[in-house]
>>> print(open('model.cif').read())   # mmCIF, C-alpha atoms
data_protein
#
loop_
_atom_site.label_atom_id
_atom_site.label_comp_id
_atom_site.auth_asym_id
_atom_site.auth_seq_id
_atom_site.Cartn_x
_atom_site.Cartn_y
_atom_site.Cartn_z
CA MET A 1 -121.06 23.40 -47.17
CA VAL A 2 -123.77 22.42 -49.63
CA ALA A 3 -123.91 18.74 -50.47
CA PRO A 4 -123.79 17.95 -54.18
CA ARG A 5 -127.19 17.30 -55.70
CA ARG A 6 -127.92 13.73 -56.71
CA ARG A 7 -129.16 13.19 -60.19
CA SER A 8 -132.71 11.97 -60.48
CA ASP A 9 -133.40 8.58 -61.99
CA SER A 10 -134.45 10.25 -65.22
CA GLN A 11 -131.03 11.89 -65.51
CA ARG A 12 -128.95 8.74 -65.02
CA PRO A 13 -127.50 7.17 -68.11
CA LEU A 14 -129.00 3.79 -68.85
CA LEU A 15 -127.08 0.70 -69.87
CA ASP A 16 -128.45 -1.34 -72.69
CA GLU A 17 -128.57 -5.13 -72.30
CA GLU A 18 -125.09 -5.68 -73.72
CA GLU A 19 -123.47 -3.05 -71.54
CA ALA A 20 -125.13 -4.34 -68.39
CA ALA A 21 -124.08 -7.87 -69.23
CA ASP A 22 -120.48 -6.83 -69.65
CA VAL A 23 -120.07 -5.07 -66.32
CA ASP A 24 -119.00 -8.40 -64.82
CA ASP A 25 -116.11 -8.53 -67.27
CA ILE A 26 -114.30 -5.88 -65.18
CA SER A 27 -112.93 -7.08 -61.86
CA PRO A 28 -113.96 -5.15 -58.73
CA THR A 29 -111.38 -3.93 -56.27
CA THR A 30 -111.59 -2.23 -52.90
CA ASP A 31 -110.71 1.45 -52.61
CA ASP A 32 -107.62 2.36 -50.55
CA ASP A 33 -109.57 4.75 -48.31
CA SER A 34 -110.59 1.90 -45.98
CA THR A 35 -114.26 2.83 -46.29
CA GLY A 36 -115.10 -0.52 -47.82
CA ARG A 37 -116.49 1.06 -50.95
CA ILE A 38 -116.19 -0.97 -54.13
CA ALA A 39 -114.81 0.64 -57.27
CA LEU A 40 -114.30 -0.69 -60.75
CA ALA A 41 -110.63 -1.25 -61.42
CA ASP A 42 -109.12 0.33 -64.47
CA PRO A 43 -107.31 -2.58 -66.16
CA ASP A 44 -105.03 -0.15 -67.97
CA ASP A 45 -103.66 1.60 -64.89
CA ASP A 46 -100.45 -0.41 -64.79
CA GLU A 47 -100.46 -1.95 -68.24
CA PRO A 48 -99.03 -0.59 -71.51
CA LYS A 49 -101.70 0.63 -73.89
CA PRO A 50 -102.09 -0.93 -77.36
CA SER A 51 -99.80 0.66 -79.90
CA GLY A 52 -101.23 2.79 -82.65
CA PRO A 53 -104.07 5.35 -82.57
CA PHE A 54 -106.51 3.05 -84.37
CA LEU A 55 -106.24 0.28 -81.75
CA ARG A 56 -106.62 2.86 -79.00
CA ALA A 57 -109.69 4.33 -80.68
CA LEU A 58 -111.30 0.88 -80.86
CA ASN A 59 -110.21 0.05 -77.29
CA MET A 60 -109.23 -3.38 -78.58
CA ALA A 61 -107.29 -4.51 -75.52
CA PRO A 62 -108.91 -3.17 -72.35
CA THR A 63 -107.74 -6.12 -70.23
CA THR A 64 -104.63 -8.25 -69.87
CA ARG A 65 -106.60 -11.18 -71.24
CA ASP A 66 -107.32 -9.20 -74.41
CA ARG A 67 -103.67 -8.24 -74.80
CA TRP A 68 -102.57 -11.87 -74.60
CA SER A 69 -105.24 -12.98 -77.05
CA LEU A 70 -104.37 -10.24 -79.53
CA GLY A 71 -100.72 -11.30 -79.35
CA LEU A 72 -101.64 -14.92 -80.12
CA LEU A 73 -103.93 -13.79 -82.93
CA ALA A 74 -101.19 -11.62 -84.46
CA ALA A 75 -98.64 -14.45 -84.20
CA GLY A 76 -101.03 -16.87 -85.87
CA ILE A 77 -101.79 -14.50 -88.74
CA ALA A 78 -98.07 -13.74 -89.17
CA LEU A 79 -97.52 -17.45 -89.79
CA PHE A 80 -100.68 -18.41 -91.65
CA LEU A 81 -101.06 -15.68 -94.27
CA PRO A 82 -97.51 -15.08 -95.59
CA LEU A 83 -96.56 -18.78 -95.49
CA THR A 84 -99.70 -19.74 -97.42
CA TRP A 85 -98.89 -17.14 -100.06
CA THR A 86 -95.28 -18.33 -100.18
CA LEU A 87 -96.40 -21.93 -100.68
CA VAL A 88 -98.30 -20.86 -103.81
CA LEU A 89 -96.00 -18.20 -105.21
CA THR A 90 -92.93 -20.44 -105.07
CA ALA A 91 -94.68 -22.95 -107.32
CA ASP A 92 -95.11 -22.67 -111.09
CA VAL A 93 -97.97 -20.18 -110.88
CA ALA A 94 -98.69 -20.22 -114.61
CA ALA A 95 -99.07 -23.99 -114.54
CA LEU A 96 -101.54 -23.76 -111.68
CA GLY A 97 -104.02 -21.96 -113.91
CA TYR A 98 -107.27 -20.90 -112.26
CA PHE A 99 -106.28 -22.68 -109.06
CA ALA A 100 -103.49 -20.17 -108.32
CA PRO A 101 -105.68 -17.36 -106.88
CA HIS A 102 -107.69 -19.73 -104.68
CA PRO A 103 -105.35 -20.30 -101.69
CA PRO A 104 -104.03 -16.70 -101.45
CA LEU A 105 -107.47 -15.08 -101.72
CA ASN A 106 -109.16 -17.45 -99.30
CA ALA A 107 -106.29 -17.19 -96.82
CA LEU A 108 -106.60 -13.40 -96.98
CA ALA A 109 -110.38 -13.66 -96.51
CA ILE A 110 -109.98 -15.87 -93.41
CA THR A 111 -107.39 -13.45 -92.01
CA LEU A 112 -109.82 -10.57 -92.51
CA PHE A 113 -112.60 -12.56 -90.86
CA ALA A 114 -110.41 -12.88 -87.78
CA LEU A 115 -109.45 -9.19 -87.85
CA GLY A 116 -113.06 -8.15 -88.43
CA VAL A 117 -114.37 -10.21 -85.51
CA ALA A 118 -111.71 -9.07 -83.03
CA PRO A 119 -112.99 -5.46 -82.53
CA VAL A 120 -116.46 -6.54 -81.34
CA GLN A 121 -115.16 -9.07 -78.79
CA PRO A 122 -113.93 -7.04 -75.77
CA PRO A 123 -116.26 -5.72 -73.03
CA THR A 124 -118.80 -3.20 -74.26
CA PRO A 125 -117.22 0.30 -74.34
CA PRO A 126 -118.89 3.72 -74.36
CA PRO A 127 -121.45 4.19 -77.16
CA GLY A 128 -119.12 6.10 -79.49
CA VAL A 129 -116.45 3.41 -79.36
CA ARG A 130 -119.08 0.68 -79.75
CA ALA A 131 -120.35 2.33 -82.94
CA LEU A 132 -116.79 2.56 -84.31
CA ARG A 133 -116.19 -1.11 -83.50
CA LEU A 134 -119.37 -2.17 -85.28
CA ALA A 135 -118.58 -0.01 -88.32
CA THR A 136 -115.07 -1.50 -88.52
CA HIS A 137 -116.50 -5.01 -88.20
CA GLN A 138 -118.96 -4.40 -91.05
CA ARG A 139 -116.48 -2.70 -93.39
CA VAL A 140 -113.78 -5.35 -93.01
CA LEU A 141 -116.15 -8.31 -93.39
CA ALA A 142 -118.73 -7.06 -95.87
CA GLY A 143 -116.33 -4.82 -97.78
CA PHE A 144 -113.38 -7.17 -98.13
CA ALA A 145 -113.57 -10.62 -96.48
CA VAL A 146 -116.86 -11.85 -97.97
CA PRO A 147 -116.08 -10.73 -101.56
CA LEU A 148 -112.56 -12.19 -101.38
CA MET A 149 -113.86 -15.56 -100.19
CA ALA A 150 -116.52 -15.60 -102.90
CA VAL A 151 -113.98 -14.80 -105.63
CA GLY A 152 -111.33 -17.19 -104.28
CA THR A 153 -113.79 -20.08 -104.03
CA SER A 154 -115.15 -19.31 -107.49
CA PHE A 155 -111.65 -19.67 -108.95
CA MET A 156 -111.39 -23.15 -107.42
CA TRP A 157 -114.82 -24.16 -108.74
CA TRP A 158 -114.00 -22.88 -112.23
CA ASN A 159 -110.61 -24.61 -112.23
CA LYS A 160 -112.33 -27.97 -111.71
CA GLU A 161 -114.98 -27.10 -114.27
CA VAL A 162 -112.56 -26.30 -117.11
CA HIS A 163 -110.58 -29.48 -116.41
CA GLY A 164 -113.66 -31.66 -116.20
CA ALA A 165 -112.73 -32.68 -112.65
CA ALA A 166 -115.29 -33.90 -110.15
CA HIS A 167 -116.49 -31.40 -107.55
CA TYR A 168 -116.89 -32.09 -103.84
CA THR A 169 -114.71 -35.20 -103.59
CA THR A 170 -112.94 -34.26 -100.32
CA TRP A 171 -113.84 -32.97 -96.88
CA HIS A 172 -112.02 -29.76 -97.76
CA ALA A 173 -114.33 -29.23 -100.73
CA TRP A 174 -117.48 -29.92 -98.73
CA PHE A 175 -116.36 -27.71 -95.86
CA GLY A 176 -115.40 -24.97 -98.33
CA CYS A 177 -118.81 -25.03 -99.98
CA ALA A 178 -120.57 -24.97 -96.61
CA THR A 179 -118.34 -22.10 -95.44
CA LEU A 180 -119.10 -19.90 -98.44
CA LEU A 181 -122.88 -20.44 -98.25
CA TRP A 182 -122.83 -19.82 -94.50
CA VAL A 183 -120.74 -16.67 -94.97
CA LEU A 184 -123.28 -15.20 -97.37
CA VAL A 185 -126.22 -15.92 -95.05
CA GLN A 186 -124.25 -14.68 -92.03
CA ALA A 187 -123.44 -11.37 -93.73
CA LEU A 188 -127.06 -10.84 -94.77
CA VAL A 189 -128.55 -11.64 -91.36
CA GLY A 190 -125.92 -9.58 -89.55
CA GLY A 191 -126.56 -6.57 -91.74
CA LEU A 192 -130.33 -6.79 -91.42
CA SER A 193 -130.07 -7.06 -87.63
CA VAL A 194 -128.38 -3.64 -87.33
CA TRP A 195 -129.27 -1.66 -90.45
CA ALA A 196 -132.06 0.87 -89.84
CA GLY A 197 -132.12 -0.13 -86.19
CA GLY A 198 -132.79 -3.76 -87.06
CA ALA A 199 -136.16 -2.88 -88.61
CA ALA A 200 -136.09 -6.03 -90.76
CA PHE A 201 -136.44 -8.10 -87.57
CA GLY A 202 -138.81 -5.81 -85.72
CA GLY A 203 -136.19 -3.48 -84.20
CA GLY A 204 -135.34 -3.04 -80.54
CA ALA A 205 -135.16 -6.18 -78.41
CA LYS A 206 -136.16 -8.42 -81.31
CA ALA A 207 -133.25 -7.25 -83.45
CA LYS A 208 -130.87 -7.58 -80.47
CA ALA A 209 -132.01 -11.17 -80.02
CA VAL A 210 -131.18 -11.92 -83.65
CA TYR A 211 -127.76 -10.27 -83.32
CA LYS A 212 -127.04 -12.47 -80.31
CA TYR A 213 -127.47 -15.58 -82.46
CA HIS A 214 -125.55 -13.89 -85.26
CA ARG A 215 -122.61 -13.52 -82.87
CA LEU A 216 -122.69 -17.21 -81.89
CA SER A 217 -123.05 -18.23 -85.53
CA GLY A 218 -120.01 -16.12 -86.40
CA TYR A 219 -117.80 -17.98 -83.95
CA LEU A 220 -118.92 -21.33 -85.32
CA LEU A 221 -118.39 -20.05 -88.85
CA ILE A 222 -114.84 -18.86 -88.31
CA GLY A 223 -114.10 -22.20 -86.69
CA LEU A 224 -115.36 -23.94 -89.82
CA SER A 225 -113.31 -21.67 -92.08
CA LEU A 226 -110.14 -22.37 -90.09
CA ALA A 227 -110.85 -26.12 -90.24
CA THR A 228 -111.32 -25.86 -94.00
CA ALA A 229 -107.97 -24.10 -94.40
CA PHE A 230 -106.29 -26.69 -92.16
CA LEU A 231 -107.61 -29.54 -94.30
CA ALA A 232 -106.33 -27.78 -97.42
CA GLY A 233 -102.82 -27.09 -96.20
CA GLY A 234 -102.45 -30.26 -94.21
CA TYR A 235 -104.00 -32.91 -96.44
CA SER A 236 -104.88 -31.68 -99.95
CA THR A 237 -103.19 -33.45 -102.84
CA TRP A 238 -101.63 -30.24 -104.14
CA ALA A 239 -100.20 -29.16 -100.77
CA VAL A 240 -98.69 -32.58 -100.09
CA SER A 241 -97.27 -32.67 -103.65
CA ARG A 242 -95.04 -29.70 -102.84
CA GLY A 243 -92.74 -32.25 -101.18
CA PRO A 244 -90.62 -32.36 -98.02
CA ALA A 245 -88.84 -29.10 -98.79
CA TYR A 246 -92.10 -27.22 -98.15
CA THR A 247 -93.18 -29.19 -95.09
CA PRO A 248 -91.85 -26.50 -92.68
CA LEU A 249 -94.02 -23.89 -94.44
CA ARG A 250 -97.08 -26.10 -94.16
CA VAL A 251 -96.41 -26.87 -90.51
CA GLY A 252 -95.90 -23.19 -89.68
CA ALA A 253 -98.96 -21.98 -91.55
CA PHE A 254 -101.50 -24.70 -90.83
CA TYR A 255 -100.37 -26.71 -87.80
CA ILE A 256 -99.16 -23.74 -85.76
CA GLY A 257 -100.63 -20.57 -87.32
CA ILE A 258 -104.25 -21.73 -87.53
CA PRO A 259 -104.42 -23.04 -83.92
CA LEU A 260 -102.91 -19.76 -82.68
CA ILE A 261 -105.61 -17.79 -84.51
CA ALA A 262 -108.31 -20.02 -83.02
CA ILE A 263 -106.90 -19.71 -79.49
CA GLY A 264 -106.46 -15.95 -79.83
CA LEU A 265 -110.08 -15.44 -80.88
CA GLY A 266 -111.36 -17.99 -78.38
CA LEU A 267 -109.74 -16.21 -75.44
CA ARG A 268 -111.58 -13.01 -76.37
CA ILE A 269 -115.07 -14.53 -76.39
CA ARG A 270 -117.43 -12.96 -73.84
CA THR A 271 -120.23 -15.40 -73.09
CA SER A 272 -122.01 -12.59 -71.24
CA LYS A 273 -122.82 -11.14 -74.68
CA MET A 274 -124.68 -14.32 -75.61
CA LYS A 275 -127.20 -15.01 -72.85
CA PHE A 276 -129.88 -17.19 -74.37
CA ALA A 277 -131.89 -17.91 -71.23
#
>>> encode(input="model.cif", output="structure tokens")
Amino acid sequence: MVAPRRRSDSQRPLLDEEEAADVDDISPTTDDDSTGRIALADPDDDEPKPSGPFLRALNMAPTTRDRWSLGLLAAGIALFLPLTWTLVLTADVAALGYFAPHPPLNALAITLFALGVAPVQPPTPPPGVRALRLATHQRVLAGFAVPLMAVGTSFMWWNKEVHGAAHYTTWHAWFGCATLLWVLVQALVGGLSVWAGGAAFGGGAKAKAVYKYHRLSGYLLIGLSLATAFLAGGYSTWAVSRGPAYTPLRVGAFYIGIPLIAIGLGLRIRTSKMKFA
């Protein structure tokens, strides 16, 4: 019997830095053949796969941890987005003037930020899936979330302008301004770090180093955006003026929904993708 030929070093597939870093995200287990060999456990062997072909294509939930976090994220969004829209649409929308589009558009933008970040959080998959994840991340954020936040915030700014009201008089206003400016810079830096192989930052390892900080910045940014929304729904004059009848909506959307989104995203963070040493 002829022993199978071993591939030479030049024939072995290489892991890039991210893939190598993420190997420790998969728990080792011992084979059943009693030889003591160590194999990588398939986390999906005894777990139901994510529903829907798109989630399967992105490999969004390769571990139990990811499935739990996606469930919390979905529950948070299911409370935050529709209840925020309901809070606005059950008011006298015509009387709200230019303010009316601000909460719905910004709530939708924050929801899309969360959905756009989620695909690039799990352990690094094969190259084809990784490329699909990155493309989804870019299309959702750059194509929808960033423009929606810019338009929604502009409506709020213009509403104050036409009424001669003072700008930046609350923490919500200051946080909102900081969020929008940060979002624009974040989108530009993120794009430049991957477009054309990251040529704008020198390509290769240099571009990867920038993307590493872009990832950390993104987590801080989505935290700021969630805090801004919480201040709006929990403490803004308009939200409080809706009265006790709408308190359950505000509690569901901002005191329960927003923390669930934050916990869901937080559980999916892989610090191995952000090694700064």
>>> closest_atom_pairs(input="model.cif", of="stretch 174-269 of chain A", to="stretch 107-110 of chain A", cutoff="9 Å", atoms="all atoms listed in the file", output="Markdown table")
| residue | atom | partner | partner_atom | distance |
| --- | --- | --- | --- | --- |
| A:Ile222 | CA | A:Ile110 | CA | 7.7 |
| A:Ser225 | CA | A:Ile110 | CA | 6.8 |
| A:Leu226 | CA | A:Ile110 | CA | 7.3 |
| A:Ala229 | CA | A:Ala107 | CA | 7.5 |
>>> write_last_selection(input="model.cif", atoms="C-alpha atoms", output="short mmCIF file (atom, residue, chain, number, x, y, z; two decimals), in the frame of the given file")
data_model
loop_
_atom_site.label_atom_id
_atom_site.label_comp_id
_atom_site.auth_asym_id
_atom_site.auth_seq_id
_atom_site.Cartn_x
_atom_site.Cartn_y
_atom_site.Cartn_z
CA ILE A 222 -114.84 -18.86 -88.31
CA SER A 225 -113.31 -21.67 -92.08
CA LEU A 226 -110.14 -22.37 -90.09
CA ALA A 229 -107.97 -24.10 -94.40
#
>>> atom_distance(input="model.cif", atom1="atom CA of A:Ala74", atom2="atom CA of A:Thr111")
9.9 Å
>>> residues_around(input="model.cif", residues="stretch 138-153 of chain A", least_positions_apart="2", cutoff="6 Å", atoms="only C-alpha atoms", output="ChimeraX atom specification")
/A:102,105-106,109,112,116,135-136,155-156
>>> axis_aligned_box(input="model.cif", around="stretch 157-164 of chain A", padding_each_side="6 Å", output="AutoDock Vina command-line options")
--center_x -112.8 --center_y -27.3 --center_z -112.9 --size_x 16.4 --size_y 20.8 --size_z 20.4
>>> residues_around(input="model.cif", residues="A:Leu58", least_positions_apart="2", cutoff="6 Å", atoms="only C-alpha atoms", output="list in words")
Leu55, Arg56, Met60, Val129 and Arg133 of chain A
>>> residues_around(input="model.cif", residues="A:Trp68", least_positions_apart="5", cutoff="10 Å", atoms="only C-alpha atoms", output="VMD selection string")
chain A and resid 61 63 73 to 74 264 267 to 268
>>> closest_residue(input="model.cif", among="A:Val251, A:Val210, A:Leu184, A:Leu216", to="A:Phe230", atoms="only C-alpha atoms")
A:Val251
>>> atom_distance(input="model.cif", atom1="atom CA of A:Phe175", atom2="atom CA of A:His214")
19.7 Å
>>> resolve_selection(input="model.cif", expression="the PyMOL selection byres ((chain A and resi 80) around 7)", output="PyMOL selection string")
chain A and resi 76-79+81-84+253-254+257-258
>>> write_last_selection(input="model.cif", atoms="C-alpha atoms", output="PDB file, in the frame of the given file")
ATOM      1  CA  GLY A  76    -101.030 -16.870 -85.870  1.00  0.00           C
ATOM      2  CA  ILE A  77    -101.790 -14.500 -88.740  1.00  0.00           C
ATOM      3  CA  ALA A  78     -98.070 -13.740 -89.170  1.00  0.00           C
ATOM      4  CA  LEU A  79     -97.520 -17.450 -89.790  1.00  0.00           C
ATOM      5  CA  LEU A  81    -101.060 -15.680 -94.270  1.00  0.00           C
ATOM      6  CA  PRO A  82     -97.510 -15.080 -95.590  1.00  0.00           C
ATOM      7  CA  LEU A  83     -96.560 -18.780 -95.490  1.00  0.00           C
ATOM      8  CA  THR A  84     -99.700 -19.740 -97.420  1.00  0.00           C
ATOM      9  CA  ALA A 253     -98.960 -21.980 -91.550  1.00  0.00           C
ATOM     10  CA  PHE A 254    -101.500 -24.700 -90.830  1.00  0.00           C
ATOM     11  CA  GLY A 257    -100.630 -20.570 -87.320  1.00  0.00           C
ATOM     12  CA  ILE A 258    -104.250 -21.730 -87.530  1.00  0.00           C
TER      13      ILE A 258
END
>>> resolve_selection(input="model.cif", expression="the PyMOL selection byres ((chain A and resi 191-200) around 9)", output="list in words")
Gln138, Ala142, Gln186, Ala187, Leu188, Val189, Gly190, Phe201, Gly202, Gly203, Gly204, Lys206, Ala207, Lys208, Ala209, Val210, Tyr211 and His214 of chain A
>>> closest_residue(input="model.cif", among="A:Leu224, A:Ala75, A:Ala239, A:Ala245", to="A:Phe113", atoms="all atoms listed in the file")
A:Leu224
>>> atom_distance(input="model.cif", atom1="atom CA of A:Gly233", atom2="atom CA of A:Tyr246")
10.9 Å
>>> resolve_selection(input="model.cif", expression="the PyMOL selection byres ((chain A and resi 98) around 10)", output="list in words")
Val93, Ala94, Ala95, Leu96, Gly97, Phe99, Ala100, Pro101, His102, Gly152, Ser154, Phe155, Met156, Trp157, Trp158, Asn159, Lys160 and Val162 of chain A
>>> closest_residue(input="model.cif", among="A:Tyr213, A:Tyr219, A:Trp182, A:Trp171", to="A:Ser236", atoms="only C-alpha atoms")
A:Trp171
>>> build_atoms(input="model.cif", residues="stretch 155-165 of chain A", atoms="all heavy atoms", output="CSV table (one decimal), keeping the file's coordinate frame")
chain,number,residue,atom,x,y,z
A,155,PHE,N,-112.8,-19.2,-108.2
A,155,PHE,CA,-111.6,-19.7,-109.0
A,155,PHE,C,-111.4,-21.2,-108.8
A,155,PHE,O,-111.1,-21.9,-109.8
A,155,PHE,CB,-110.4,-18.9,-108.5
A,155,PHE,CG,-110.2,-17.6,-109.2
A,155,PHE,CD1,-110.3,-16.4,-108.6
A,155,PHE,CD2,-109.8,-17.6,-110.6
A,155,PHE,CE1,-110.1,-15.2,-109.3
A,155,PHE,CE2,-109.6,-16.5,-111.3
A,155,PHE,CZ,-109.7,-15.2,-110.6
A,156,MET,N,-111.6,-21.7,-107.6
A,156,MET,CA,-111.4,-23.2,-107.4
A,156,MET,C,-112.5,-23.9,-108.2
A,156,MET,O,-112.2,-24.9,-108.8
A,156,MET,CB,-111.4,-23.5,-105.9
A,156,MET,CG,-111.1,-24.9,-105.6
A,156,MET,SD,-109.4,-25.4,-106.0
A,156,MET,CE,-109.7,-27.0,-106.7
A,157,TRP,N,-113.7,-23.5,-108.1
A,157,TRP,CA,-114.8,-24.2,-108.7
A,157,TRP,C,-114.6,-24.1,-110.3
A,157,TRP,O,-114.8,-25.2,-110.9
A,157,TRP,CB,-116.1,-23.5,-108.4
A,157,TRP,CG,-117.3,-24.1,-109.0
A,157,TRP,CD1,-118.1,-25.2,-108.4
A,157,TRP,CD2,-117.9,-23.9,-110.2
A,157,TRP,NE1,-119.1,-25.5,-109.3
A,157,TRP,CE2,-119.0,-24.7,-110.4
A,157,TRP,CE3,-117.7,-23.0,-111.3
A,157,TRP,CZ2,-119.8,-24.7,-111.5
A,157,TRP,CZ3,-118.5,-23.0,-112.4
A,157,TRP,CH2,-119.5,-23.8,-112.5
A,158,TRP,N,-114.2,-23.0,-110.8
A,158,TRP,CA,-114.0,-22.9,-112.2
A,158,TRP,C,-112.8,-23.7,-112.7
A,158,TRP,O,-112.8,-24.3,-113.8
A,158,TRP,CB,-113.8,-21.4,-112.6
A,158,TRP,CG,-113.7,-21.2,-114.1
A,158,TRP,CD1,-112.7,-20.8,-114.8
A,158,TRP,CD2,-114.8,-21.5,-115.1
A,158,TRP,NE1,-112.9,-20.7,-116.2
A,158,TRP,CE2,-114.2,-21.1,-116.3
A,158,TRP,CE3,-116.1,-21.9,-115.0
A,158,TRP,CZ2,-115.0,-21.3,-117.5
A,158,TRP,CZ3,-116.8,-22.0,-116.2
A,158,TRP,CH2,-116.3,-21.7,-117.4
A,159,ASN,N,-111.8,-23.8,-111.9
A,159,ASN,CA,-110.6,-24.6,-112.2
A,159,ASN,C,-111.0,-26.1,-112.4
A,159,ASN,O,-110.6,-26.7,-113.4
A,159,ASN,CB,-109.5,-24.5,-111.1
A,159,ASN,CG,-108.3,-25.3,-111.5
A,159,ASN,OD1,-107.6,-25.0,-112.4
A,159,ASN,ND2,-108.0,-26.3,-110.7
A,160,LYS,N,-111.9,-26.6,-111.6
A,160,LYS,CA,-112.3,-28.0,-111.7
A,160,LYS,C,-113.2,-28.1,-112.9
A,160,LYS,O,-113.2,-29.1,-113.7
A,160,LYS,CB,-113.1,-28.4,-110.5
A,160,LYS,CG,-112.2,-28.7,-109.3
A,160,LYS,CD,-113.0,-29.2,-108.1
A,160,LYS,CE,-112.1,-29.7,-107.0
A,160,LYS,NZ,-111.4,-31.0,-107.2
A,161,GLU,N,-114.0,-27.1,-113.2
A,161,GLU,CA,-115.0,-27.1,-114.3
A,161,GLU,C,-114.2,-27.2,-115.6
A,161,GLU,O,-114.6,-28.0,-116.5
A,161,GLU,CB,-115.9,-25.8,-114.2
A,161,GLU,CG,-117.1,-25.9,-115.1
A,161,GLU,CD,-118.1,-26.9,-114.6
A,161,GLU,OE1,-118.1,-27.3,-113.4
A,161,GLU,OE2,-119.0,-27.3,-115.4
A,162,VAL,N,-113.3,-26.3,-115.8
A,162,VAL,CA,-112.6,-26.3,-117.1
A,162,VAL,C,-111.7,-27.6,-117.3
A,162,VAL,O,-111.4,-27.9,-118.5
A,162,VAL,CB,-111.7,-25.0,-117.2
A,162,VAL,CG1,-112.5,-23.8,-117.2
A,162,VAL,CG2,-110.6,-25.0,-116.2
A,163,HIS,N,-111.4,-28.2,-116.3
A,163,HIS,CA,-110.6,-29.5,-116.4
A,163,HIS,C,-111.5,-30.7,-116.4
A,163,HIS,O,-110.9,-31.8,-116.4
A,163,HIS,CB,-109.5,-29.6,-115.3
A,163,HIS,CG,-108.4,-28.6,-115.5
A,163,HIS,ND1,-108.3,-27.4,-114.9
A,163,HIS,CD2,-107.3,-28.7,-116.2
A,163,HIS,CE1,-107.2,-26.7,-115.2
A,163,HIS,NE2,-106.6,-27.5,-116.1
A,164,GLY,N,-112.8,-30.5,-116.2
A,164,GLY,CA,-113.7,-31.7,-116.2
A,164,GLY,C,-113.5,-32.5,-115.0
A,164,GLY,O,-113.8,-33.7,-115.0
A,165,ALA,N,-113.0,-31.9,-113.9
A,165,ALA,CA,-112.7,-32.7,-112.6
A,165,ALA,C,-114.0,-32.7,-111.8
A,165,ALA,O,-114.8,-31.8,-111.9
A,165,ALA,CB,-111.6,-32.1,-111.9
